[in-house]
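The structure file start07.txt is reproduced below (compact mmCIF, C-alpha atoms and all ligand atoms).
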# COMPACT_ATOMS: atom_id res chain seq x y z
CA MET A 74 0.00 0.00 0.00
CA ASN A 75 1.42 3.41 -0.92
CA LYS A 76 0.51 6.21 1.44
CA ASP A 77 0.00 9.83 0.50
CA ILE A 78 2.88 11.50 2.28
CA ASN A 79 4.70 14.78 2.09
CA ILE A 80 8.49 14.94 1.99
CA ARG A 81 10.29 18.06 3.17
CA LEU A 82 13.59 19.11 4.71
CA GLU A 83 14.03 18.61 8.44
CA THR A 84 14.16 21.80 10.53
CA ASP A 85 15.59 22.26 14.01
CA LYS A 86 12.06 22.16 15.43
CA ASP A 87 11.84 18.53 14.26
CA TYR A 88 15.07 17.33 15.89
CA LYS A 89 13.61 15.76 19.04
CA ILE A 90 10.70 14.18 17.17
CA VAL A 91 13.08 12.68 14.61
CA GLU A 92 15.37 11.29 17.31
CA LYS A 93 12.34 9.70 18.97
CA LEU A 94 11.17 8.17 15.71
CA THR A 95 14.70 6.94 14.99
CA PHE A 96 14.71 5.22 18.38
CA GLU A 97 11.31 3.62 17.73
CA ALA A 98 12.33 2.43 14.27
CA PHE A 99 15.62 0.88 15.36
CA GLU A 100 14.32 -0.49 18.65
CA THR A 101 12.68 -3.24 16.60
CA VAL A 102 15.96 -4.25 14.92
CA ASP A 103 18.41 -6.74 16.38
CA PHE A 104 21.89 -6.02 15.04
CA PRO A 105 24.42 -8.71 16.00
CA GLY A 106 26.71 -7.54 18.77
CA GLN A 107 24.74 -4.37 19.52
CA LYS A 108 23.51 -4.38 23.12
CA TYR A 109 21.09 -1.47 22.96
CA THR A 110 19.59 1.00 20.49
CA ILE A 111 22.00 3.84 19.71
CA GLU A 112 20.77 5.15 16.36
CA HIS A 113 18.89 8.10 17.92
CA PHE A 114 22.23 9.17 19.43
CA PHE A 115 23.75 8.65 16.00
CA ALA A 116 21.20 11.11 14.50
CA TYR A 117 22.10 13.64 17.20
CA LEU A 118 25.86 13.31 16.60
CA LEU A 119 25.54 13.28 12.84
CA ARG A 120 23.68 16.61 12.69
CA LYS A 121 26.48 18.29 14.63
CA ASP A 122 29.23 16.90 12.41
CA ALA A 123 30.87 18.96 9.67
CA SER A 124 30.25 16.14 7.20
CA PHE A 125 26.46 16.28 7.69
CA VAL A 126 24.53 17.18 4.51
CA HIS A 127 21.64 19.44 5.55
CA GLU A 128 20.27 19.59 2.00
CA LEU A 129 19.59 15.85 2.09
CA ASP A 130 18.07 15.66 5.57
CA PHE A 131 14.45 14.85 4.75
CA VAL A 132 11.42 13.96 6.81
CA ALA A 133 8.28 12.20 5.59
CA GLU A 134 4.99 13.51 6.96
CA ASP A 135 1.62 11.86 7.13
CA GLU A 136 -0.77 14.76 7.67
CA GLU A 137 1.13 16.68 10.38
CA GLU A 138 2.93 13.67 11.85
CA ILE A 139 6.59 12.98 11.05
CA VAL A 140 6.80 9.26 10.26
CA GLY A 141 10.15 8.86 8.49
CA ASN A 142 13.58 10.41 8.05
CA ILE A 143 16.71 10.01 5.92
CA MET A 144 20.15 11.50 6.58
CA TYR A 145 23.48 11.61 4.79
CA ASN A 146 27.02 12.73 5.41
CA THR A 147 29.97 13.05 3.08
CA ILE A 148 33.18 11.06 3.13
CA ASN A 149 36.36 11.24 1.12
CA ILE A 150 37.42 8.13 -0.69
CA LYS A 151 40.75 7.60 -2.40
CA VAL A 152 39.97 5.63 -5.49
CA ASN A 153 42.62 3.33 -6.90
CA ASN A 154 43.53 4.24 -10.41
CA CYS A 155 44.21 1.19 -12.47
CA MET A 156 44.87 2.92 -15.76
CA LYS A 157 48.35 3.82 -16.91
CA ASN A 158 49.09 5.28 -20.33
CA ASN A 159 45.49 4.45 -21.23
CA LYS A 160 46.22 0.80 -20.57
CA SER A 161 44.20 -0.95 -17.94
CA ILE A 162 46.18 -2.61 -15.18
CA PRO A 163 44.49 -5.76 -13.82
CA GLU A 164 42.24 -4.85 -10.91
CA ASN A 165 43.80 -7.41 -8.60
CA ASP A 166 47.24 -5.91 -9.18
CA VAL A 167 46.98 -3.91 -5.98
CA TYR A 168 50.58 -2.72 -5.97
CA SER A 169 50.29 -1.17 -9.43
CA CYS A 170 46.94 0.32 -8.62
CA GLU A 171 48.08 1.99 -5.41
CA HIS A 172 51.46 2.91 -6.82
CA ILE A 173 49.97 5.29 -9.37
CA SER A 174 47.23 6.59 -7.12
CA SER A 175 47.54 10.34 -6.46
CA GLU A 176 45.74 13.18 -4.69
CA LYS A 177 43.52 13.67 -7.71
CA ASN A 178 41.98 10.30 -6.97
CA ILE A 179 40.43 11.67 -3.79
CA LYS A 180 36.71 12.03 -4.29
CA GLU A 181 33.97 13.31 -2.01
CA VAL A 182 31.00 10.98 -2.04
CA LEU A 183 27.89 10.63 0.05
CA SER A 184 27.33 8.12 2.78
CA LEU A 185 23.74 7.12 3.47
CA ALA A 186 23.83 7.36 7.25
CA LEU A 187 20.29 6.78 8.54
CA LEU A 188 16.91 5.70 7.23
CA SER A 189 14.06 5.34 9.71
CA VAL A 190 10.33 4.79 9.38
CA LEU A 191 7.96 4.44 12.35
CA PRO A 192 7.04 0.73 12.69
CA LYS A 193 3.31 1.29 12.28
CA PHE A 194 4.02 2.94 8.90
CA HIS A 195 6.24 0.17 7.51
CA SER A 196 5.64 -1.31 4.05
CA MET A 197 3.68 1.70 2.83
CA GLY A 198 6.40 2.86 0.46
CA ILE A 199 7.68 5.61 2.79
CA GLY A 200 11.27 4.34 3.03
CA GLY A 201 11.33 3.97 -0.74
CA ARG A 202 10.02 7.50 -1.27
CA LEU A 203 12.66 8.92 1.07
CA ILE A 204 15.41 7.08 -0.79
CA GLU A 205 14.21 7.97 -4.30
CA ASN A 206 13.58 11.59 -3.40
CA SER A 207 17.02 11.99 -1.83
CA LEU A 208 18.80 10.24 -4.71
CA LYS A 209 17.24 12.68 -7.15
CA LYS A 210 18.19 15.65 -4.98
CA ALA A 211 21.74 14.26 -4.50
CA LYS A 212 22.18 14.14 -8.27
CA ASP A 213 20.87 17.71 -8.59
CA LEU A 214 23.44 18.77 -5.99
CA GLY A 215 26.19 17.22 -8.12
CA TYR A 216 27.05 14.16 -6.06
CA LYS A 217 28.25 11.25 -8.17
CA ALA A 218 28.23 8.26 -5.84
CA MET A 219 27.42 7.04 -2.38
CA LEU A 220 28.47 4.36 0.06
CA LEU A 221 26.11 2.64 2.44
CA PRO A 222 28.03 1.25 5.41
CA GLY A 223 25.18 -0.93 6.73
CA GLY A 224 22.37 -1.72 4.30
CA TYR A 225 19.93 -4.59 3.89
CA PRO A 226 21.06 -6.13 0.56
CA GLU A 227 17.56 -7.31 -0.48
CA TYR A 228 16.06 -3.89 0.22
CA TYR A 229 18.65 -1.51 -1.22
CA THR A 230 19.20 -3.43 -4.48
CA ARG A 231 15.67 -2.23 -5.36
CA PHE A 232 17.12 1.25 -5.64
CA GLY A 233 20.19 0.29 -7.64
CA PHE A 234 22.67 -0.26 -4.81
CA LYS A 235 25.23 -3.01 -5.33
CA PRO A 236 27.62 -4.69 -2.90
CA ALA A 237 30.54 -2.27 -2.47
CA SER A 238 32.80 -5.17 -3.45
CA PHE A 239 31.37 -4.89 -6.98
CA TYR A 240 33.28 -1.61 -7.20
CA GLY A 241 36.30 -3.16 -5.47
CA PHE A 242 35.65 -1.57 -2.05
CA LYS A 243 36.23 -3.71 1.02
CA TRP A 244 34.89 -3.29 4.56
CA LEU A 245 37.22 -1.75 7.16
CA ASP A 246 38.63 -5.15 8.17
CA GLY A 247 39.32 -6.03 4.54
CA SER A 248 36.35 -8.36 4.17
CA GLU A 249 33.60 -8.31 1.56
CA LEU A 250 30.62 -7.52 3.73
CA ASP A 251 27.21 -7.92 2.06
CA ALA A 252 25.76 -5.07 4.09
CA PHE A 253 28.45 -2.69 2.82
CA MET A 254 26.89 -1.33 -0.34
CA ALA A 255 27.47 1.41 -2.90
CA LEU A 256 25.63 3.27 -5.62
CA GLU A 257 26.90 5.27 -8.56
CA LEU A 258 24.84 8.33 -9.45
CA GLU A 259 27.11 8.79 -12.44
CA GLU A 260 27.97 5.56 -14.18
CA GLY A 261 31.63 4.59 -13.90
CA TYR A 262 32.42 7.16 -11.17
CA LEU A 263 33.61 4.60 -8.61
CA GLY A 264 35.44 2.42 -11.12
CA ARG A 265 36.00 -1.19 -10.19
CA ALA A 266 39.38 -1.02 -8.49
CA GLY A 267 38.23 0.03 -5.02
CA GLY A 268 40.30 2.27 -2.82
CA LYS A 269 40.71 3.62 0.67
CA TRP A 270 37.89 4.99 2.78
CA LYS A 271 37.06 5.41 6.45
CA LEU A 272 34.06 6.15 8.59
CA ALA A 273 33.56 9.76 9.69
CA ASP A 274 35.20 10.61 13.05
CA PHE A 275 31.90 11.03 14.90
CA TYR A 276 31.47 7.24 14.75
CA ASN A 277 34.00 7.12 17.62
CA ASP A 278 31.67 9.19 19.82
CA LEU A 279 28.89 6.79 19.01
CA LEU A 280 30.73 4.10 20.95
CA ASP A 281 31.58 6.37 23.88
CA GLU A 282 29.35 4.98 26.63
CA GLU A 283 29.76 8.00 28.89
CA LYS A 284 28.64 10.41 26.16
CA PHE A 285 25.78 8.10 25.28
CA ARG A 286 24.59 8.00 28.91
CA GLU A 287 24.65 11.81 29.11
CA TYR A 288 22.69 12.06 25.88
CA GLN A 289 20.20 9.38 26.97
CA ILE A 290 19.32 11.34 30.14
CA ARG A 291 18.39 14.34 27.97
CA PHE A 292 16.61 12.09 25.46
CA ASN A 293 14.42 10.59 28.20
CA GLU A 294 13.13 14.08 28.94
CA TYR A 295 12.12 14.83 25.32
C1 LIG A 301 14.03 -0.45 6.44
C2 LIG A 301 12.90 0.56 6.50
C3 LIG A 301 13.45 1.96 6.44
C4 LIG A 301 11.98 0.32 5.30
O1 LIG A 301 10.99 1.32 5.30
P1 LIG A 301 9.52 1.03 4.69
O2 LIG A 301 8.85 2.34 4.57
O3 LIG A 301 8.85 0.01 5.49
O4 LIG A 301 9.94 0.42 3.26
P2 LIG A 301 9.11 0.44 1.92
O5 LIG A 301 7.66 0.57 2.21
O6 LIG A 301 9.74 1.38 0.99
O7 LIG A 301 9.42 -1.01 1.38
C5 LIG A 301 8.82 -2.10 1.99
C6 LIG A 301 9.41 -3.35 1.40
O8 LIG A 301 10.76 -3.48 1.83
C7 LIG A 301 10.91 -4.73 2.45
N1 LIG A 301 11.87 -4.62 3.54
C8 LIG A 301 11.78 -3.85 4.63
N2 LIG A 301 12.84 -4.07 5.44
C9 LIG A 301 13.58 -5.00 4.81
C10 LIG A 301 14.79 -5.67 5.16
N3 LIG A 301 15.40 -5.44 6.33
N4 LIG A 301 15.29 -6.55 4.28
C11 LIG A 301 14.67 -6.80 3.12
N5 LIG A 301 13.51 -6.22 2.75
C12 LIG A 301 12.99 -5.33 3.59
C13 LIG A 301 9.55 -5.07 2.99
O9 LIG A 301 9.41 -6.46 3.18
C14 LIG A 301 8.65 -4.58 1.88
O10 LIG A 301 8.62 -5.52 0.83
P3 LIG A 301 7.40 -5.59 -0.24
O11 LIG A 301 7.42 -4.28 -1.00
O12 LIG A 301 7.78 -6.74 -1.10
O13 LIG A 301 6.17 -5.76 0.57
C15 LIG A 301 12.04 0.38 7.78
O14 LIG A 301 11.67 -0.98 7.87
C16 LIG A 301 12.74 0.77 9.07
O15 LIG A 301 12.69 1.93 9.49
N6 LIG A 301 13.38 -0.20 9.73
C17 LIG A 301 14.04 0.03 11.01
C18 LIG A 301 15.26 0.90 10.86
C19 LIG A 301 16.22 0.31 9.83
O16 LIG A 301 16.56 -0.85 9.86
N7 LIG A 301 16.65 1.21 8.91
C20 LIG A 301 17.49 0.85 7.79
C21 LIG A 301 18.86 0.61 8.19
S1 LIG A 301 19.83 0.22 6.75

Let's see the structure in the file written out as structure tokens.
Amino acid sequence: MNKDINIRLETDKDYKIVEKLTFEAFETVDFPGQKYTIEHFFAYLLRKDASFVHELDFVAEDEEEIVGNIMYNTINIKVNNCMKNNKSIPENDVYSCEHISSEKNIKEVLSLALLSVLPKFHSMGIGGRLIENSLKKAKDLGYKAMLLPGGYPEYYTRFGFKPASFYGFKWLDGSELDAFMALELEEGYLGRAGGKWKLADFYNDLLDEEKFREYQIRFNEY
């Protein structure tokens, strides 16, 4: 069932409501190794980070109620260049690839950071609308690609995402993680040779239990 919803940019008046909805959405998800829900704290930290992309911070409204949200940040990736003198070097020839990599291979791409829909509004097309709307806007803003550090493969392939390993990108520990996905907004932008990337620095704060406890006390009073 597709619901008639309105999509607009988030404003600072929405912050607490969006953090509450993020909590409700993620409370229902069991991520391996995660003891408690932290994604509402993630939303809070993300908005304060320099990498946060305000122009892609959308909420979905049903009547006056905010029922969904999507957020992005930017990251720099250093793409391996596997072309030399117009000749392609085999993609698995890592030494050659990295050897000729240079500063001009550093590219700013998007990272899809959060997507949340209130549980009672699931499967009404709201998540899909938030993704499609933001992809269109991202293209208009000139972004050429995005990474998705933790996506559901069966869900995000609907929108054109592929495993990041398709483009040669590995997870932080060097593995090919299914949930690590990527999308080109301009065909060929990521290449196939992979490269270096890292999570934004605010991810460290996410795991700081003391900071989380302080935030959670404030959150409980929202
Ligand atoms: C994932 C989420 C954003 C999807 O939002 P939604 O508005 O329900 O999604 P849509 O209505 O666009 O799409 C619904 C379809 O996606 C499927 N889907 C939802 N979650 C899925 C998942 N984890 N894996 C595979 N498919 C999924 C549904 O089964 C449904 O399939 P159907 O169209 O065949 O019936 C929502 O379930 C949510 O907020 N989940 C909790 C937070 C979360 O996990 N966020 C994403 C982190 S990557």

Residues within 10 Å of ligand LIG 301 (chain A), counting only C-alpha atoms and all ligand atoms, as an MDAnalysis selection string: chainID A and resid 74:76 94:104 112 133 140:143 185:205 221:232 252:253

Keeping only C-alpha atoms, write those residues as an mmCIF file, keeping the file's coordinate frame.
data_model
loop_
_atom_site.group_PDB
_atom_site.id
_atom_site.type_symbol
_atom_site.label_atom_id
_atom_site.label_comp_id
_atom_site.auth_asym_id
_atom_site.auth_seq_id
_atom_site.Cartn_x
_atom_site.Cartn_y
_atom_site.Cartn_z
ATOM 1 C CA MET A 74 0.000 0.000 0.000
ATOM 2 C CA ASN A 75 1.420 3.410 -0.920
ATOM 3 C CA LYS A 76 0.510 6.210 1.440
ATOM 4 C CA LEU A 94 11.170 8.170 15.710
ATOM 5 C CA THR A 95 14.700 6.940 14.990
ATOM 6 C CA PHE A 96 14.710 5.220 18.380
ATOM 7 C CA GLU A 97 11.310 3.620 17.730
ATOM 8 C CA ALA A 98 12.330 2.430 14.270
ATOM 9 C CA PHE A 99 15.620 0.880 15.360
ATOM 10 C CA GLU A 100 14.320 -0.490 18.650
ATOM 11 C CA THR A 101 12.680 -3.240 16.600
ATOM 12 C CA VAL A 102 15.960 -4.250 14.920
ATOM 13 C CA ASP A 103 18.410 -6.740 16.380
ATOM 14 C CA PHE A 104 21.890 -6.020 15.040
ATOM 15 C CA GLU A 112 20.770 5.150 16.360
ATOM 16 C CA ALA A 133 8.280 12.200 5.590
ATOM 17 C CA VAL A 140 6.800 9.260 10.260
ATOM 18 C CA GLY A 141 10.150 8.860 8.490
ATOM 19 C CA ASN A 142 13.580 10.410 8.050
ATOM 20 C CA ILE A 143 16.710 10.010 5.920
ATOM 21 C CA LEU A 185 23.740 7.120 3.470
ATOM 22 C CA ALA A 186 23.830 7.360 7.250
ATOM 23 C CA LEU A 187 20.290 6.780 8.540
ATOM 24 C CA LEU A 188 16.910 5.700 7.230
ATOM 25 C CA SER A 189 14.060 5.340 9.710
ATOM 26 C CA VAL A 190 10.330 4.790 9.380
ATOM 27 C CA LEU A 191 7.960 4.440 12.350
ATOM 28 C CA PRO A 192 7.040 0.730 12.690
ATOM 29 C CA LYS A 193 3.310 1.290 12.280
ATOM 30 C CA PHE A 194 4.020 2.940 8.900
ATOM 31 C CA HIS A 195 6.240 0.170 7.510
ATOM 32 C CA SER A 196 5.640 -1.310 4.050
ATOM 33 C CA MET A 197 3.680 1.700 2.830
ATOM 34 C CA GLY A 198 6.400 2.860 0.460
ATOM 35 C CA ILE A 199 7.680 5.610 2.790
ATOM 36 C CA GLY A 200 11.270 4.340 3.030
ATOM 37 C CA GLY A 201 11.330 3.970 -0.740
ATOM 38 C CA ARG A 202 10.020 7.500 -1.270
ATOM 39 C CA LEU A 203 12.660 8.920 1.070
ATOM 40 C CA ILE A 204 15.410 7.080 -0.790
ATOM 41 C CA GLU A 205 14.210 7.970 -4.300
ATOM 42 C CA LEU A 221 26.110 2.640 2.440
ATOM 43 C CA PRO A 222 28.030 1.250 5.410
ATOM 44 C CA GLY A 223 25.180 -0.930 6.730
ATOM 45 C CA GLY A 224 22.370 -1.720 4.300
ATOM 46 C CA TYR A 225 19.930 -4.590 3.890
ATOM 47 C CA PRO A 226 21.060 -6.130 0.560
ATOM 48 C CA GLU A 227 17.560 -7.310 -0.480
ATOM 49 C CA TYR A 228 16.060 -3.890 0.220
ATOM 50 C CA TYR A 229 18.650 -1.510 -1.220
ATOM 51 C CA THR A 230 19.200 -3.430 -4.480
ATOM 52 C CA ARG A 231 15.670 -2.230 -5.360
ATOM 53 C CA PHE A 232 17.120 1.250 -5.640
ATOM 54 C CA ALA A 252 25.760 -5.070 4.090
ATOM 55 C CA PHE A 253 28.450 -2.690 2.820
#

Which of A:Phe115, A:Tyr109, A:Phe242, A:Tyr88 sits closest to Val132 in chain A [using all atoms listed in the file]: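 Checking each of A:Phe115, A:Tyr109, A:Phe242, A:Tyr88 against Val132 in chain A, counting all atoms listed in the file, the winner is A:Tyr88.
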
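Considering all atoms listed in the file, the residue among A:Glu282, A:Asp77, A:Asp274, A:Asp87 positioned nearest to Ile148 in chain A is A:Asp274.
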
Top pick for closest residue to Arg120 in chain A, considering A:Val91, A:Ala211, A:Ile80, A:Ile139 and counting only C-alpha atoms: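 Under the stated criterion, the closest residue is A:Val91.
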
Point-to-point distance from CA of Leu118 in chain A to CA of Asp246 in chain A, Å rounded to tenths: 24.0 Å

Residue nearest Leu129 in chain A among A:Asn206, A:Thr110, A:Asn149, A:Asn79 (counting only C-alpha atoms):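 Using only C-alpha atoms, the shortest distance to Leu129 in chain A belongs to A:Asn206.
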
Distance in Å - CA of Gly106 in chain A versus CA of Leu119 in chain A: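 Separation of CA of Gly106 in chain A and CA of Leu119 in chain A: 21.7 Å.
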
Thr147 in chain A environment, 8 Å, all atoms listed in the file, sequence neighbours closer than 4 positions dropped, as JSON, numbers by chain: {"A": [124, 125, 126, 181, 182, 183, 184]}

Selected residue, from A:Tyr240, A:Tyr288, A:Phe114, A:Phe131, that lies nearest to Leu208 in chain A when counting all atoms listed in the file: A:Phe131

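Relative to CA of Leu272 in chain A, CA of Ala123 in chain A is found at 13.2 Å.
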
Close residues, Lys284 in chain A itself excluded, 12 Å, only C-alpha atoms, min 2 positions apart in chain, as number ranges by chain: A: 111, 114-115, 117-118, 275, 277-282, 286-291

Output for the residues just chosen: C-alpha atoms as a JSON list (two decimals), in the frame of the given file:
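What follows is the written file result_36.json:
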[["chain", "number", "residue", "atom", "x", "y", "z"],
["A", 111, "ILE", "CA", 22.00, 3.84, 19.71],
["A", 114, "PHE", "CA", 22.23, 9.17, 19.43],
["A", 115, "PHE", "CA", 23.75, 8.65, 16.00],
["A", 117, "TYR", "CA", 22.10, 13.64, 17.20],
["A", 118, "LEU", "CA", 25.86, 13.31, 16.60],
["A", 275, "PHE", "CA", 31.90, 11.03, 14.90],
["A", 277, "ASN", "CA", 34.00, 7.12, 17.62],
["A", 278, "ASP", "CA", 31.67, 9.19, 19.82],
["A", 279, "LEU", "CA", 28.89, 6.79, 19.01],
["A", 280, "LEU", "CA", 30.73, 4.10, 20.95],
["A", 281, "ASP", "CA", 31.58, 6.37, 23.88],
["A", 282, "GLU", "CA", 29.35, 4.98, 26.63],
["A", 286, "ARG", "CA", 24.59, 8.00, 28.91],
["A", 287, "GLU", "CA", 24.65, 11.81, 29.11],
["A", 288, "TYR", "CA", 22.69, 12.06, 25.88],
["A", 289, "GLN", "CA", 20.20, 9.38, 26.97],
["A", 290, "ILE", "CA", 19.32, 11.34, 30.14],
["A", 291, "ARG", "CA", 18.39, 14.34, 27.97]]

Option closest in space to Asn178 in chain A, from A:Lys89, A:Gly264, A:Glu138, A:Asn146 [counting only C-alpha atoms]: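 Among the listed residues, the smallest separation from Asn178 in chain A belongs to A:Gly264.
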